[in-house]
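Before any comments, here is the structure.
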Amino acid sequence: MYHDLPRSASFWSFLLAVDEDLAEETRKKGCPCGGRLHRANYPRKPRGAGLELTEFQSQRLSFCCDRDGCRKRATPPSVRFLGRRVYLAAIVILVSAMRQGPTPRRVRELSERFDADESTIVRWQTFWREHFPQTSFWKVARARFVTLGEIVSLPLSLVDAFLSHHPPCEGWTLLLRFLSPITVPGGLQIKVSH
């Protein structure tokens, strides 16, 4: 079942390795000013994993330009963190998706298991139903899915699209990589359709 995978320590270690690869791609590009990028990770206190993450697993990988006068930060995409949210990306997606179908009893169980109260889950659902569909990212990316279903079914449709055709670890990794462009500053710019 979908809800069992994110509690595995090996899964979170694997996602850190994916983030390291994404960070290396960003570092190699360098700063737009021509400067070199140096590590400037910042600590996060991620919630929802249900296990103790190491100090390094809890850091958001990032870089800072080494040129005086520039010093701009370059934060690579992430498969572990969904923008500035406190909860880990997989947890936000999973709980929001499972909230679409389960009974009130199941919602209580999810809330307890992932330490997310009902108002937090409602905010996540609002994000997936109302804000995410208005992003430039989704307006372009949704064309990749032929039979995704109605927008109202986000993120459940995404979870099903990636996990129904792949083994769980691979499916979660593909889904989180797919969403990684929205994890960088400016990645969630909303464009309202008129």
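Just remember, in the structure tokens the first chain shown is A, the second B, etc., residues are 1-based per chain, and ligands are 1-based in the order shown.
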
Would you write out, as CSV, a table of all residues in segment 111-153 of chain A that have an atom no more than 9 Å from an atom of segment 76-95 of chain A, listing for each the closest atom pair and the distance in Å to one decimal, considering only C-alpha atoms and ordering rows by chain and rising residue number?
```
residue,atom,partner,partner_atom,distance
A:Ser111,CA,A:Val95,CA,8.2
A:Phe114,CA,A:Ile91,CA,7.4
A:Ala116,CA,A:Tyr87,CA,8.6
A:Ile121,CA,A:Val95,CA,7.2
A:Trp124,CA,A:Val92,CA,6.7
A:Trp128,CA,A:Ile93,CA,8.8
```

Same residues, C-alpha atoms, output as a compact mmCIF listing (two decimals), in the first residue's frame:
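Just written: again.txt:
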```
# COMPACT_ATOMS: atom_id res chain seq x y z
CA SER A 111 -3.45 12.54 11.20
CA PHE A 114 1.95 11.52 10.30
CA ALA A 116 -0.65 16.39 10.91
CA ILE A 121 -4.51 18.52 5.90
CA TRP A 124 -2.73 20.80 1.79
CA TRP A 128 -3.68 20.70 -4.52
```

Go through segment 6-170 of chain A and collect every residue that DSSP, computed from the backbone, puts in strand (DSSP E); the answer should be as a list in words.
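Taking segment 6-170 of chain A and keeping strand (DSSP E) gives Leu37, His38, Arg39, Tyr42, Pro43, Gln59, Arg60, Phe63, Cys64, Cys65, Arg73 and Ala74 of chain A.
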
How many Å separate atom CA of Pro32 of chain A from atom CA of Gly187 of chain A?
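Computed distance, atom CA of Pro32 of chain A to atom CA of Gly187 of chain A, equals 17.8 Å.
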
Please, what distance in Å, to one decimal, runs between atom CA of Glu112 of chain A and atom CA of Leu53 of chain A?
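Going from atom CA of Glu112 of chain A over to atom CA of Leu53 of chain A covers 18.8 Å.
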
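For the atom pair formed by atom CA of Trp138 of chain A and atom CA of Tyr42 of chain A, the distance is 27.7 Å, given to one decimal.
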
Would you give me, as JSON, numbers by chain, the residues in segment 14-169 of chain A that DSSP reads as alpha helix (DSSP H)?
{"A": [14, 15, 16, 17, 18, 19, 20, 21, 22, 23, 24, 25, 26, 27, 28, 29, 89, 90, 91, 92, 93, 94, 95, 96, 97, 98, 99, 104, 105, 106, 107, 108, 109, 110, 111, 112, 113, 118, 119, 120, 121, 122, 123, 124, 125, 126, 136, 137, 138, 139, 140, 141, 156, 157, 158, 159, 160, 161, 162, 163, 168, 169]}

Would you pick out the contacts of Cys33 of chain A at 10 Å or less, using only C-alpha atoms, so that residues sharing its chain but fewer than 5 positions from it are not included, and give the list as a short mmCIF file (atom, residue, chain, number, x, y, z; two decimals) with all heavy atoms, in the first residue's frame?
```
data_model
loop_
_atom_site.label_atom_id
_atom_site.label_comp_id
_atom_site.auth_asym_id
_atom_site.auth_seq_id
_atom_site.Cartn_x
_atom_site.Cartn_y
_atom_site.Cartn_z
N CYS A 65 26.89 31.85 -4.13
CA CYS A 65 27.94 32.30 -5.04
C CYS A 65 29.13 32.81 -4.23
O CYS A 65 28.97 33.47 -3.20
CB CYS A 65 27.41 33.39 -5.95
SG CYS A 65 28.65 34.01 -7.12
N ARG A 67 31.39 35.00 -5.31
CA ARG A 67 31.86 36.33 -5.72
C ARG A 67 31.34 37.42 -4.79
O ARG A 67 30.15 37.49 -4.50
CB ARG A 67 31.37 36.64 -7.13
CG ARG A 67 32.20 35.98 -8.19
CD ARG A 67 32.08 36.73 -9.48
NE ARG A 67 33.00 36.13 -10.42
CZ ARG A 67 32.84 36.16 -11.70
NH1 ARG A 67 31.81 36.78 -12.24
NH2 ARG A 67 33.72 35.58 -12.49
N CYS A 70 28.00 39.51 -5.30
CA CYS A 70 26.91 38.68 -5.82
C CYS A 70 26.30 37.89 -4.65
O CYS A 70 25.21 38.22 -4.20
CB CYS A 70 27.41 37.72 -6.89
SG CYS A 70 26.08 36.66 -7.56
N ARG A 71 27.00 36.87 -4.20
CA ARG A 71 26.58 36.06 -3.06
C ARG A 71 25.14 35.52 -3.18
O ARG A 71 24.50 35.24 -2.17
CB ARG A 71 26.74 36.83 -1.74
CG ARG A 71 28.10 37.42 -1.50
CD ARG A 71 29.19 36.41 -1.29
NE ARG A 71 28.92 35.65 -0.08
CZ ARG A 71 29.51 34.49 0.20
NH1 ARG A 71 30.35 33.97 -0.63
NH2 ARG A 71 29.23 33.87 1.32
N LYS A 72 24.63 35.42 -4.41
CA LYS A 72 23.26 34.92 -4.60
C LYS A 72 23.19 33.44 -4.23
O LYS A 72 24.11 32.68 -4.43
CB LYS A 72 22.82 35.09 -6.05
CG LYS A 72 22.54 36.52 -6.40
CD LYS A 72 21.97 36.64 -7.79
CE LYS A 72 21.73 38.10 -8.09
NZ LYS A 72 21.39 38.32 -9.48
#
```

For Ala74 of chain A, please output as a list in words all residues within 10 Å (counting only C-alpha atoms; exclusion window: fewer than 6 positions along the same chain).
Ala23, Thr26, Arg27, Gly30, Cys31, Pro32, Leu37, His38, Arg39, Ala40, Leu61, Ser62, Phe63, Cys64, Cys65, Val184 and Pro185 of chain A

File of the preceding selection, C-alpha atoms, as a compact mmCIF listing (two decimals), in the first residue's frame:
```txt
# COMPACT_ATOMS: atom_id res chain seq x y z
CA ALA A 23 22.35 19.56 -6.20
CA THR A 26 23.00 22.93 -9.97
CA ARG A 27 26.56 23.32 -8.66
CA GLY A 30 27.56 27.77 -11.46
CA CYS A 31 26.13 31.19 -10.75
CA PRO A 32 24.71 33.28 -13.63
CA LEU A 37 28.86 27.92 -6.07
CA HIS A 38 29.80 26.73 -2.58
CA ARG A 39 27.70 24.63 -0.22
CA ALA A 40 25.38 26.68 1.95
CA LEU A 61 20.71 21.41 0.06
CA SER A 62 21.68 24.82 -1.26
CA PHE A 63 24.58 26.88 -2.59
CA CYS A 64 25.87 30.44 -2.43
CA CYS A 65 27.94 32.30 -5.04
CA VAL A 184 12.70 25.92 -5.88
CA PRO A 185 12.04 29.60 -5.19
```

Near Trp172 of chain A, counting only C-alpha atoms, which residues have an atom at most 8 Å away, once you skip same-chain residues fewer than 5 positions from it, shown as a PyMOL selection string?
chain A and resi 90+159+162-163

Keeping all heavy atoms for every residue in the selection just given, could you write it to a file as a PDB file, in the first residue's frame?
```
ATOM      1  N   ALA A  90       6.752  13.818   0.292  1.00  0.00           N
ATOM      2  CA  ALA A  90       5.996  12.573   0.147  1.00  0.00           C
ATOM      3  C   ALA A  90       4.820  12.519   1.117  1.00  0.00           C
ATOM      4  O   ALA A  90       3.750  12.001   0.779  1.00  0.00           O
ATOM      5  CB  ALA A  90       6.917  11.369   0.354  1.00  0.00           C
ATOM      6  N   VAL A 159      -0.512  10.350  -7.783  1.00  0.00           N
ATOM      7  CA  VAL A 159      -0.019   9.176  -7.058  1.00  0.00           C
ATOM      8  C   VAL A 159      -0.356   7.921  -7.855  1.00  0.00           C
ATOM      9  O   VAL A 159       0.500   7.062  -8.089  1.00  0.00           O
ATOM     10  CB  VAL A 159      -0.607   9.107  -5.633  1.00  0.00           C
ATOM     11  CG1 VAL A 159      -0.264   7.786  -4.961  1.00  0.00           C
ATOM     12  CG2 VAL A 159      -0.112  10.275  -4.795  1.00  0.00           C
ATOM     13  N   PHE A 162       1.774   7.501 -11.156  1.00  0.00           N
ATOM     14  CA  PHE A 162       3.163   7.082 -10.989  1.00  0.00           C
ATOM     15  C   PHE A 162       3.313   5.751 -10.264  1.00  0.00           C
ATOM     16  O   PHE A 162       4.199   4.971 -10.586  1.00  0.00           O
ATOM     17  CB  PHE A 162       3.961   8.165 -10.244  1.00  0.00           C
ATOM     18  CG  PHE A 162       4.303   9.333 -11.117  1.00  0.00           C
ATOM     19  CD1 PHE A 162       3.472  10.437 -11.164  1.00  0.00           C
ATOM     20  CD2 PHE A 162       5.447   9.325 -11.895  1.00  0.00           C
ATOM     21  CE1 PHE A 162       3.780  11.528 -11.973  1.00  0.00           C
ATOM     22  CE2 PHE A 162       5.768  10.398 -12.708  1.00  0.00           C
ATOM     23  CZ  PHE A 162       4.933  11.503 -12.748  1.00  0.00           C
ATOM     24  N   LEU A 163       2.459   5.474  -9.295  1.00  0.00           N
ATOM     25  CA  LEU A 163       2.642   4.267  -8.503  1.00  0.00           C
ATOM     26  C   LEU A 163       1.928   3.043  -9.051  1.00  0.00           C
ATOM     27  O   LEU A 163       2.273   1.930  -8.703  1.00  0.00           O
ATOM     28  CB  LEU A 163       2.228   4.514  -7.047  1.00  0.00           C
ATOM     29  CG  LEU A 163       3.355   5.075  -6.196  1.00  0.00           C
ATOM     30  CD1 LEU A 163       3.680   6.504  -6.515  1.00  0.00           C
ATOM     31  CD2 LEU A 163       3.072   4.897  -4.741  1.00  0.00           C
TER      32      LEU A 163
END
```

Who sits within 12 Å of Leu154 of chain A, only C-alpha atoms, same chain under 5 positions skipped, as a ChimeraX atom specification
/A:92-101,124-133,138,142,148-149,159-161

Got a sec: who's within 12 Å of Ser164 of chain A, counting only C-alpha atoms, leaving out chain neighbours fewer than 5 positions off, as a PyMOL selection string?
chain A and resi 1-2+156-159+169-172+174-175
